[in-house]
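Q: I'm passing along model.csv; it holds CSV, C-alpha atoms and all ligand atoms.
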```
chain,number,residue,atom,x,y,z
A,119,MET,CA,-1.6,-2.3,-17.9
A,120,ASP,CA,0.3,-2.6,-21.2
A,121,LYS,CA,-2.5,-3.0,-23.8
A,122,ARG,CA,-0.5,-5.7,-25.6
A,123,LEU,CA,-0.9,-8.0,-22.6
A,124,LEU,CA,-4.6,-7.8,-22.9
A,125,ILE,CA,-4.7,-8.3,-26.6
A,126,LEU,CA,-2.5,-11.5,-26.8
A,127,PRO,CA,-4.5,-13.6,-24.4
A,128,ALA,CA,-7.7,-12.4,-25.9
A,129,LEU,CA,-6.5,-13.5,-29.3
A,130,LEU,CA,-5.4,-16.9,-28.0
A,131,ALA,CA,-8.8,-17.3,-26.2
A,132,THR,CA,-10.7,-16.6,-29.4
A,133,LEU,CA,-8.6,-19.2,-31.3
A,134,ALA,CA,-9.0,-21.8,-28.6
A,135,ALA,CA,-12.6,-21.2,-27.5
A,136,PRO,CA,-14.9,-24.1,-28.2
A,137,ALA,CA,-18.1,-23.2,-29.9
A,138,GLN,CA,-20.1,-24.0,-26.7
A,139,ALA,CA,-17.8,-22.0,-24.5
A,140,GLU,CA,-19.2,-21.2,-21.0
A,141,PRO,CA,-20.1,-17.6,-20.5
A,142,SER,CA,-17.6,-15.7,-18.4
A,143,SER,CA,-18.5,-12.7,-16.4
A,144,ARG,CA,-21.5,-10.6,-17.4
A,145,VAL,CA,-20.3,-7.5,-15.7
A,146,ALA,CA,-19.2,-4.8,-18.0
A,147,TRP,CA,-17.1,-1.9,-16.6
A,148,THR,CA,-19.3,0.9,-17.8
A,149,PRO,CA,-18.7,4.4,-16.2
A,150,GLU,CA,-21.9,3.9,-14.3
A,151,THR,CA,-20.8,0.5,-12.8
A,152,LEU,CA,-17.4,1.9,-11.8
A,153,ALA,CA,-19.1,5.0,-10.2
A,154,LEU,CA,-21.5,2.7,-8.3
A,155,VAL,CA,-18.6,0.7,-6.7
A,156,LYS,CA,-16.4,3.7,-6.1
A,157,ALA,CA,-19.3,5.5,-4.3
A,158,GLY,CA,-20.1,2.3,-2.2
A,159,ASN,CA,-21.4,3.2,1.3
A,160,THR,CA,-18.8,1.6,3.6
A,161,GLY,CA,-21.0,2.1,6.7
A,162,HIS,CA,-23.9,0.1,5.2
A,163,GLY,CA,-21.3,-2.4,3.9
A,164,GLN,CA,-20.0,-3.0,7.4
A,165,GLU,CA,-23.5,-3.5,8.7
A,166,LEU,CA,-24.4,-6.0,6.0
A,167,ALA,CA,-21.1,-7.9,6.5
A,168,LYS,CA,-22.0,-8.4,10.1
A,169,ASN,CA,-25.7,-9.0,9.8
A,170,LEU,CA,-25.5,-11.4,6.8
A,171,GLY,CA,-22.8,-13.4,8.4
A,172,CYS,CA,-20.1,-12.7,5.8
A,173,ASP,CA,-17.6,-11.9,8.5
A,174,GLY,CA,-18.1,-15.3,10.1
A,175,CYS,CA,-16.4,-17.0,7.2
A,176,HIS,CA,-14.3,-14.2,5.8
A,177,THR,CA,-12.9,-12.1,8.6
A,178,GLY,CA,-10.6,-13.7,11.2
A,179,SER,CA,-11.9,-17.1,10.3
A,180,THR,CA,-9.6,-20.1,10.0
A,181,MET,CA,-11.7,-21.7,7.3
A,182,PRO,CA,-9.0,-22.5,4.8
A,183,ASP,CA,-11.2,-22.3,1.7
A,184,ALA,CA,-12.9,-18.9,2.6
A,185,PRO,CA,-10.7,-16.2,1.1
A,186,HIS,CA,-9.6,-13.1,2.9
A,187,LEU,CA,-11.6,-10.1,1.5
A,188,ALA,CA,-9.9,-7.4,3.5
A,189,GLY,CA,-7.8,-5.1,1.3
A,190,GLN,CA,-9.0,-6.8,-1.9
A,191,LEU,CA,-9.8,-4.5,-4.8
A,192,ALA,CA,-13.4,-3.3,-4.4
A,193,THR,CA,-14.1,-3.6,-8.2
A,194,TYR,CA,-12.9,-7.2,-8.1
A,195,LEU,CA,-15.1,-8.1,-5.1
A,196,TYR,CA,-18.1,-6.5,-6.7
A,197,ARG,CA,-17.6,-8.5,-9.9
A,198,GLN,CA,-17.2,-11.8,-8.1
A,199,LEU,CA,-20.4,-11.2,-6.1
A,200,HIS,CA,-22.2,-10.3,-9.2
A,201,ASP,CA,-20.8,-13.4,-10.9
A,202,TYR,CA,-22.0,-15.7,-8.0
A,203,LYS,CA,-25.4,-14.0,-8.1
A,204,ASP,CA,-25.9,-14.7,-11.8
A,205,ARG,CA,-24.1,-18.0,-11.5
A,206,SER,CA,-21.2,-17.1,-13.9
A,207,ARG,CA,-19.1,-18.3,-11.0
A,208,ALA,CA,-20.3,-21.5,-9.3
A,209,ASN,CA,-20.2,-22.1,-5.5
A,210,ASP,CA,-23.2,-23.3,-3.6
A,211,THR,CA,-22.6,-21.3,-0.5
A,212,MET,CA,-21.7,-18.1,-2.3
A,213,GLU,CA,-24.5,-18.4,-4.8
A,214,ALA,CA,-26.9,-18.6,-1.9
A,215,MET,CA,-25.2,-15.7,-0.1
A,216,ALA,CA,-25.3,-13.4,-3.2
A,217,ALA,CA,-28.8,-14.3,-4.3
A,218,GLY,CA,-30.5,-11.7,-2.1
A,219,LEU,CA,-28.0,-8.9,-2.6
A,220,SER,CA,-29.0,-5.8,-4.6
A,221,GLU,CA,-26.5,-3.9,-6.8
A,222,GLN,CA,-26.2,-1.3,-4.1
A,223,ASP,CA,-25.6,-4.0,-1.4
A,224,MET,CA,-22.8,-5.5,-3.5
A,225,ALA,CA,-21.2,-2.1,-4.1
A,226,ASP,CA,-21.4,-1.3,-0.4
A,227,LEU,CA,-20.0,-4.7,0.8
A,228,SER,CA,-17.1,-4.4,-1.8
A,229,ALA,CA,-16.3,-0.8,-0.7
A,230,TRP,CA,-16.3,-1.9,3.0
A,231,TYR,CA,-14.0,-4.9,2.5
A,232,GLY,CA,-11.8,-3.1,0.0
A,233,LYS,CA,-10.9,-0.4,2.4
A,234,GLN,CA,-9.8,-2.8,5.2
A,235,GLU,CA,-6.2,-3.4,5.8
A,236,ALA,CA,-5.1,-6.5,3.9
A,237,SER,CA,-4.2,-9.6,6.0
A,238,ALA,CA,-0.7,-10.3,7.1
A,239,ALA,CA,1.5,-12.7,5.2
A,240,THR,CA,1.9,-16.3,6.4
A,241,PRO,CA,5.4,-17.9,6.0
A,242,ALA,CA,5.7,-20.2,3.0
A,243,GLN,CA,5.8,-23.9,3.6
A,244,GLY,CA,8.5,-25.6,1.6
A,245,ALA,CA,10.5,-24.4,-1.4
A,246,VAL,CA,9.1,-21.6,-3.5
A,247,GLU,CA,12.0,-20.7,-5.8
A,248,ALA,CA,10.3,-22.1,-8.9
A,249,ALA,CA,7.2,-20.1,-8.0
A,250,GLN,CA,9.2,-17.0,-7.5
A,251,ARG,CA,10.6,-17.4,-11.0
A,252,LEU,CA,7.2,-18.0,-12.6
A,253,ALA,CA,5.7,-15.0,-10.7
A,254,SER,CA,8.4,-12.6,-11.8
A,255,GLN,CA,9.4,-14.0,-15.2
A,256,GLY,CA,7.0,-16.6,-16.4
A,257,ASP,CA,8.2,-19.4,-18.6
A,258,LYS,CA,8.8,-18.3,-22.2
A,259,GLN,CA,9.2,-21.9,-23.5
A,260,ARG,CA,5.7,-22.8,-22.3
A,261,LEU,CA,4.3,-19.4,-23.0
A,262,VAL,CA,3.4,-18.8,-19.3
A,263,PRO,CA,3.3,-15.1,-18.7
A,264,ALA,CA,4.8,-13.6,-15.6
A,265,CYS,CA,2.1,-13.4,-12.9
A,266,ALA,CA,3.5,-10.0,-11.9
A,267,ALA,CA,2.7,-8.6,-15.4
A,268,CYS,CA,-0.9,-8.4,-14.2
A,269,HIS,CA,-1.0,-9.1,-10.5
A,270,GLY,CA,1.9,-6.6,-9.8
A,271,GLY,CA,5.4,-7.1,-8.5
A,272,GLY,CA,4.2,-7.7,-4.9
A,273,GLY,CA,1.0,-9.5,-5.9
A,274,GLN,CA,-1.0,-6.4,-4.9
A,275,GLY,CA,-3.4,-6.6,-7.8
A,276,GLN,CA,-4.4,-4.0,-10.3
A,277,ALA,CA,-7.6,-2.1,-11.4
A,278,GLN,CA,-10.2,-2.9,-12.5
A,279,ASP,CA,-10.4,-6.5,-11.5
A,280,VAL,CA,-7.0,-8.2,-11.3
A,281,PRO,CA,-7.1,-9.5,-7.7
A,282,ARG,CA,-4.6,-9.0,-4.9
A,283,LEU,CA,-2.9,-12.3,-4.2
A,284,ALA,CA,-0.5,-11.2,-1.5
A,285,GLY,CA,-1.3,-12.6,1.9
A,286,GLN,CA,-4.3,-14.6,0.7
A,287,LYS,CA,-4.9,-18.0,2.3
A,288,PRO,CA,-2.7,-20.6,0.5
A,289,ALA,CA,-5.3,-23.4,0.5
A,290,TYR,CA,-7.8,-21.0,-1.2
A,291,LEU,CA,-5.2,-19.9,-3.8
A,292,ALA,CA,-4.3,-23.5,-4.6
A,293,ALA,CA,-8.0,-24.5,-4.8
A,294,THR,CA,-9.0,-21.7,-7.0
A,295,LEU,CA,-6.0,-22.2,-9.4
A,296,GLN,CA,-7.0,-25.9,-9.6
A,297,ALA,CA,-10.6,-24.8,-10.3
A,298,TYR,CA,-9.4,-22.6,-13.2
A,299,LYS,CA,-7.2,-25.5,-14.5
A,300,LYS,CA,-10.2,-27.8,-14.6
A,301,GLY,CA,-12.5,-25.2,-16.0
A,302,GLN,CA,-14.7,-25.3,-12.9
A,303,ARG,CA,-14.1,-21.6,-12.3
A,304,HIS,CA,-14.9,-20.0,-15.6
A,305,ASN,CA,-15.8,-16.4,-14.9
A,306,ASP,CA,-12.4,-15.0,-16.0
A,307,VAL,CA,-12.8,-12.7,-18.9
A,308,TYR,CA,-11.1,-13.9,-22.1
A,309,GLN,CA,-10.3,-17.2,-20.3
A,310,ARG,CA,-7.0,-15.7,-19.2
A,311,MET,CA,-6.6,-17.5,-15.9
A,312,ARG,CA,-8.0,-20.8,-17.3
A,313,ALA,CA,-5.4,-20.7,-20.1
A,314,ILE,CA,-2.6,-19.8,-17.6
A,315,ALA,CA,-3.6,-22.4,-14.9
A,316,ALA,CA,-3.8,-25.1,-17.6
A,317,THR,CA,-0.1,-24.8,-18.1
A,318,LEU,CA,0.8,-25.2,-14.5
A,319,SER,CA,1.7,-28.5,-12.8
A,320,ASP,CA,0.1,-29.4,-9.4
A,321,GLU,CA,3.5,-28.8,-7.8
A,322,GLU,CA,3.8,-25.3,-9.4
A,323,ILE,CA,0.2,-24.5,-8.2
A,324,HIS,CA,1.1,-25.5,-4.7
A,325,GLN,CA,4.3,-23.5,-4.7
A,326,LEU,CA,2.6,-20.4,-6.2
A,327,ALA,CA,0.0,-20.5,-3.5
A,328,GLU,CA,2.6,-20.7,-0.8
A,329,TYR,CA,4.7,-18.0,-2.4
A,330,TYR,CA,1.8,-15.5,-2.7
A,331,ALA,CA,0.4,-16.2,0.8
A,332,ALA,CA,3.9,-15.2,2.1
A,333,GLN,CA,4.0,-11.8,0.3
A,334,GLY,CA,3.4,-8.8,2.6
A,335,HIS,CA,1.9,-5.4,2.1
B,401,LIG,C1,-20.4,-20.2,5.2
B,401,LIG,C2,-19.2,-19.4,4.8
B,401,LIG,C3,-19.3,-18.2,4.0
B,401,LIG,C4,-20.2,-17.1,4.2
B,401,LIG,C5,-21.3,-16.9,5.2
B,401,LIG,C6,-19.9,-16.2,3.1
B,401,LIG,N1,-18.9,-16.6,2.3
B,401,LIG,FE1,-18.0,-15.6,0.7
B,401,LIG,N2,-16.9,-17.3,0.3
B,401,LIG,C7,-16.9,-18.5,1.1
B,401,LIG,C8,-16.1,-19.5,0.4
B,401,LIG,C9,-15.8,-20.9,0.8
B,401,LIG,C10,-15.6,-18.8,-0.8
B,401,LIG,C11,-14.8,-19.5,-2.0
B,401,LIG,C12,-15.8,-20.0,-3.0
B,401,LIG,C13,-15.2,-20.4,-4.3
B,401,LIG,O1,-14.2,-21.1,-4.3
B,401,LIG,O2,-15.7,-19.9,-5.3
B,401,LIG,C14,-16.1,-17.5,-0.8
B,401,LIG,C15,-15.8,-16.5,-1.8
B,401,LIG,C16,-16.2,-15.2,-1.7
B,401,LIG,C17,-15.8,-14.1,-2.6
B,401,LIG,C18,-14.8,-14.3,-3.8
B,401,LIG,C19,-13.4,-13.8,-3.3
B,401,LIG,C20,-12.3,-14.0,-4.3
B,401,LIG,O3,-11.2,-13.8,-3.9
B,401,LIG,O4,-12.5,-14.4,-5.4
B,401,LIG,C21,-16.4,-13.0,-2.2
B,401,LIG,C22,-16.3,-11.6,-2.9
B,401,LIG,C23,-17.3,-13.3,-1.1
B,401,LIG,N3,-17.1,-14.6,-0.8
B,401,LIG,C24,-18.0,-12.4,-0.4
B,401,LIG,C25,-18.9,-12.7,0.6
B,401,LIG,C26,-19.9,-11.8,1.2
B,401,LIG,C27,-20.1,-10.4,0.8
B,401,LIG,C28,-20.7,-12.6,2.1
B,401,LIG,C29,-21.9,-12.1,2.9
B,401,LIG,C30,-23.0,-11.6,2.1
B,401,LIG,C31,-20.1,-13.9,2.1
B,401,LIG,N4,-19.1,-14.0,1.2
B,401,LIG,C32,-20.5,-14.9,2.9
B,401,LIG,C33,-17.5,-18.7,2.3
B,401,LIG,C34,-18.5,-17.9,2.8
B,402,LIG,C1,-3.0,-11.4,-18.3
B,402,LIG,C2,-3.2,-11.0,-16.9
B,402,LIG,C3,-2.9,-12.1,-15.8
B,402,LIG,C4,-1.8,-12.9,-15.7
B,402,LIG,C5,-0.5,-12.9,-16.5
B,402,LIG,C6,-2.1,-13.7,-14.5
B,402,LIG,N1,-3.3,-13.4,-14.0
B,402,LIG,FE1,-4.2,-14.3,-12.4
B,402,LIG,N2,-5.9,-13.2,-12.7
B,402,LIG,C7,-6.0,-12.2,-13.7
B,402,LIG,C8,-7.4,-11.7,-13.6
B,402,LIG,C9,-8.0,-10.7,-14.5
B,402,LIG,C10,-8.1,-12.4,-12.6
B,402,LIG,C11,-9.5,-12.4,-12.2
B,402,LIG,C12,-10.3,-13.4,-13.0
B,402,LIG,C13,-11.6,-13.8,-12.5
B,402,LIG,O1,-12.4,-12.9,-12.3
B,402,LIG,O2,-11.9,-15.0,-12.4
B,402,LIG,C14,-7.0,-13.3,-12.0
B,402,LIG,C15,-7.3,-14.2,-10.9
B,402,LIG,C16,-6.3,-14.9,-10.3
B,402,LIG,C17,-6.6,-15.7,-9.1
B,402,LIG,C18,-7.8,-15.8,-8.3
B,402,LIG,C19,-7.7,-14.9,-7.0
B,402,LIG,C20,-8.9,-14.9,-6.1
B,402,LIG,O3,-8.9,-14.1,-5.2
B,402,LIG,O4,-9.8,-15.7,-6.4
B,402,LIG,C21,-5.4,-16.3,-8.8
B,402,LIG,C22,-5.1,-17.2,-7.6
B,402,LIG,C23,-4.4,-16.0,-9.8
B,402,LIG,N3,-5.0,-15.1,-10.7
B,402,LIG,C24,-3.1,-16.4,-9.9
B,402,LIG,C25,-2.2,-16.1,-10.9
B,402,LIG,C26,-0.9,-16.7,-11.0
B,402,LIG,C27,-0.3,-17.6,-10.0
B,402,LIG,C28,-0.4,-16.2,-12.2
B,402,LIG,C29,1.0,-16.6,-12.8
B,402,LIG,C30,1.2,-18.0,-13.1
B,402,LIG,C31,-1.4,-15.3,-12.8
B,402,LIG,N4,-2.5,-15.3,-12.0
B,402,LIG,C32,-1.2,-14.6,-14.0
B,402,LIG,C33,-5.1,-11.8,-14.6
B,402,LIG,C34,-3.8,-12.4,-14.8
```
Please express the file's structure as structure tokens.
A:
Amino acid sequence: MDKRLLILPALLATLAAPAQAEPSSRVAWTPETLALVKAGNTGHGQELAKNLGCDGCHTGSTMPDAPHLAGQLATYLYRQLHDYKDRSRANDTMEAMAAGLSEQDMADLSAWYGKQEASAATPAQGAVEAAQRLASQGDKQRLVPACAACHGGGGQGQAQDVPRLAGQKPAYLAATLQAYKKGQRHNDVYQRMRAIAATLSDEEIHQLAEYYAAQGH
């Protein structure tokens, strides 16, 4: 990623951060942590996903608020599990699910889901032209960066932990953008997604969710 993209939001976040800012993620991408996720044991991950019931909600389920994990970046998945476990990201179900996982379990589950083929796109409901513009160009007047600058032109995500958005469930995408907007989800490093979501209207969030759910491989 262009380094300047990282520096600007960091700077804005520092300026805007209230003194009692919530902690964001506690995961640091040290070479050891990266190596742990990269070497995750997919066979053990597959077993855990089945035995712990992860698949029941995340694979082939129609629960609109349980995101697809297949094809997501393993490093992103690992960090989210870690964040639920230490409660940097709040969700009752997922905090309980992550509580008993070891570092190795989280690496193995992430490696397993990461290597699955991503879910197919679902056709967008309603107009998405405004979302397409925001995704590819942003809005200079409101200082909204193009989503594509970080999430990639097709919403495919980017190392280490910019998630894939393409083909994700639209209800989940909208709900999690709303959670960033309200500050309920606050594990994003440098508050980047909170700052971006805060500039979006509810209609734009709805359209962006439909737009990305409709992107294919
Ligand atoms: C009862 C249903 C349920 C079960 C079982 C469950 N999850 Fe989840 N999971 C959810 C929901 C709902 C969310 C979205 C929560 C939120 O908004 O923070 C979620 C979110 C996640 C995320 C964040 C994904 C993202 O795109 O940010 C990961 C990673 C995850 N779950 C992994 C797992 C793993 C691994 C297991 C098994 C150990 C598991 N889940 C079990 C329902 C479930
Ligand atoms: C400066 C880089 C950057 C830009 C620009 C950006 N994002 Fe993100 N986005 C991220 C990162 C990093 C994360 C992971 C944050 C976290 O861990 O909570 C993320 C997370 C997300 C998520 C959560 C996905 C999930 O599976 O839970 C959504 C949805 C999202 N971004 C949508 C957007 C949209 C829509 C735009 C454009 C309006 C956008 N992002 C612009 C970096 C960016």
Q: Give me the residues within 12 Å of Ala208 (chain A) as a ChimeraX atom specification, counting only C-alpha atoms and dropping any in the same chain fewer than 5 places off.
A: /A:140-143,198-203,213-216,294,297-298,301-305
Q: Mind pulling up the distance from CA of Asp279 (chain A) to CA of Met224 (chain A)?
A: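 Value for the CA of Met224 (chain A)-CA of Asp279 (chain A) distance: 14.8 Å.
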Q: I'd like the contact shell of Gly244 (chain A) - 12 Å cut-off, only C-alpha atoms, skipping same-chain residues fewer than 6 positions apart - returned as a list in words.
A: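 With the cut-off at 12 Å, the set is Glu321, Glu322, His324, Gln325, Leu326, Ala327, Glu328, Tyr329 and Ala332 of chain A.
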Q: Around ligand LIG 401 (chain B), out to 6 Å and counting only C-alpha atoms and all ligand atoms, which residues are there? I want them as a PDB file with C-alpha atoms, keeping the file's coordinate frame.
A:
```
ATOM      1  CA  ALA A 167     -21.100  -7.900   6.500  1.00  0.00           C
ATOM      2  CA  LEU A 170     -25.500 -11.400   6.800  1.00  0.00           C
ATOM      3  CA  GLY A 171     -22.800 -13.400   8.400  1.00  0.00           C
ATOM      4  CA  CYS A 172     -20.100 -12.700   5.800  1.00  0.00           C
ATOM      5  CA  CYS A 175     -16.400 -17.000   7.200  1.00  0.00           C
ATOM      6  CA  ASP A 183     -11.200 -22.300   1.700  1.00  0.00           C
ATOM      7  CA  ALA A 184     -12.900 -18.900   2.600  1.00  0.00           C
ATOM      8  CA  PRO A 185     -10.700 -16.200   1.100  1.00  0.00           C
ATOM      9  CA  LEU A 195     -15.100  -8.100  -5.100  1.00  0.00           C
ATOM     10  CA  GLN A 198     -17.200 -11.800  -8.100  1.00  0.00           C
ATOM     11  CA  LEU A 199     -20.400 -11.200  -6.100  1.00  0.00           C
ATOM     12  CA  ASN A 209     -20.200 -22.100  -5.500  1.00  0.00           C
ATOM     13  CA  MET A 212     -21.700 -18.100  -2.300  1.00  0.00           C
ATOM     14  CA  MET A 215     -25.200 -15.700  -0.100  1.00  0.00           C
ATOM     15  CA  LEU A 227     -20.000  -4.700   0.800  1.00  0.00           C
ATOM     16  CA  THR A 294      -9.000 -21.700  -7.000  1.00  0.00           C
TER      17      THR A 294
END
```
Q: Name each residue within 7 Å of ligand LIG 402 (chain B), counting all atoms listed in the file, as a ChimeraX atom specification.
A: /A:123-124,127,185,198,252-253,256,262-269,279-283,291,294-295,303-307,310-311,314-315,326
Q: Go ahead and write the selection's residues with C-alpha atoms as a PDB file, in the frame of the given file.
A:
```
ATOM      1  CA  LEU A 123      -0.900  -8.000 -22.600  1.00  0.00           C
ATOM      2  CA  LEU A 124      -4.600  -7.800 -22.900  1.00  0.00           C
ATOM      3  CA  PRO A 127      -4.500 -13.600 -24.400  1.00  0.00           C
ATOM      4  CA  PRO A 185     -10.700 -16.200   1.100  1.00  0.00           C
ATOM      5  CA  GLN A 198     -17.200 -11.800  -8.100  1.00  0.00           C
ATOM      6  CA  LEU A 252       7.200 -18.000 -12.600  1.00  0.00           C
ATOM      7  CA  ALA A 253       5.700 -15.000 -10.700  1.00  0.00           C
ATOM      8  CA  GLY A 256       7.000 -16.600 -16.400  1.00  0.00           C
ATOM      9  CA  VAL A 262       3.400 -18.800 -19.300  1.00  0.00           C
ATOM     10  CA  PRO A 263       3.300 -15.100 -18.700  1.00  0.00           C
ATOM     11  CA  ALA A 264       4.800 -13.600 -15.600  1.00  0.00           C
ATOM     12  CA  CYS A 265       2.100 -13.400 -12.900  1.00  0.00           C
ATOM     13  CA  ALA A 266       3.500 -10.000 -11.900  1.00  0.00           C
ATOM     14  CA  ALA A 267       2.700  -8.600 -15.400  1.00  0.00           C
ATOM     15  CA  CYS A 268      -0.900  -8.400 -14.200  1.00  0.00           C
ATOM     16  CA  HIS A 269      -1.000  -9.100 -10.500  1.00  0.00           C
ATOM     17  CA  ASP A 279     -10.400  -6.500 -11.500  1.00  0.00           C
ATOM     18  CA  VAL A 280      -7.000  -8.200 -11.300  1.00  0.00           C
ATOM     19  CA  PRO A 281      -7.100  -9.500  -7.700  1.00  0.00           C
ATOM     20  CA  ARG A 282      -4.600  -9.000  -4.900  1.00  0.00           C
ATOM     21  CA  LEU A 283      -2.900 -12.300  -4.200  1.00  0.00           C
ATOM     22  CA  LEU A 291      -5.200 -19.900  -3.800  1.00  0.00           C
ATOM     23  CA  THR A 294      -9.000 -21.700  -7.000  1.00  0.00           C
ATOM     24  CA  LEU A 295      -6.000 -22.200  -9.400  1.00  0.00           C
ATOM     25  CA  ARG A 303     -14.100 -21.600 -12.300  1.00  0.00           C
ATOM     26  CA  HIS A 304     -14.900 -20.000 -15.600  1.00  0.00           C
ATOM     27  CA  ASN A 305     -15.800 -16.400 -14.900  1.00  0.00           C
ATOM     28  CA  ASP A 306     -12.400 -15.000 -16.000  1.00  0.00           C
ATOM     29  CA  VAL A 307     -12.800 -12.700 -18.900  1.00  0.00           C
ATOM     30  CA  ARG A 310      -7.000 -15.700 -19.200  1.00  0.00           C
ATOM     31  CA  MET A 311      -6.600 -17.500 -15.900  1.00  0.00           C
ATOM     32  CA  ILE A 314      -2.600 -19.800 -17.600  1.00  0.00           C
ATOM     33  CA  ALA A 315      -3.600 -22.400 -14.900  1.00  0.00           C
ATOM     34  CA  LEU A 326       2.600 -20.400  -6.200  1.00  0.00           C
TER      35      LEU A 326
END
```
Q: So how many Å separate CA of Leu219 (chain A) and CA of Pro182 (chain A), to one decimal?
A: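 It comes out at 24.5 Å.
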Q: Closest to Gly189 (chain A) among A:Ala238, A:Ala157, A:Ala225, A:Ala217, using all atoms listed in the file?
A: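 Among the listed residues, A:Ala238 lies closest to Gly189 (chain A).
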Q: Which residue, A:Gly218, A:Gly174, A:Gly334, A:Gly232, has the smallest gap to Lys156 (chain A) when you use only C-alpha atoms?
A: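 The closest residue to Lys156 (chain A) is A:Gly232.
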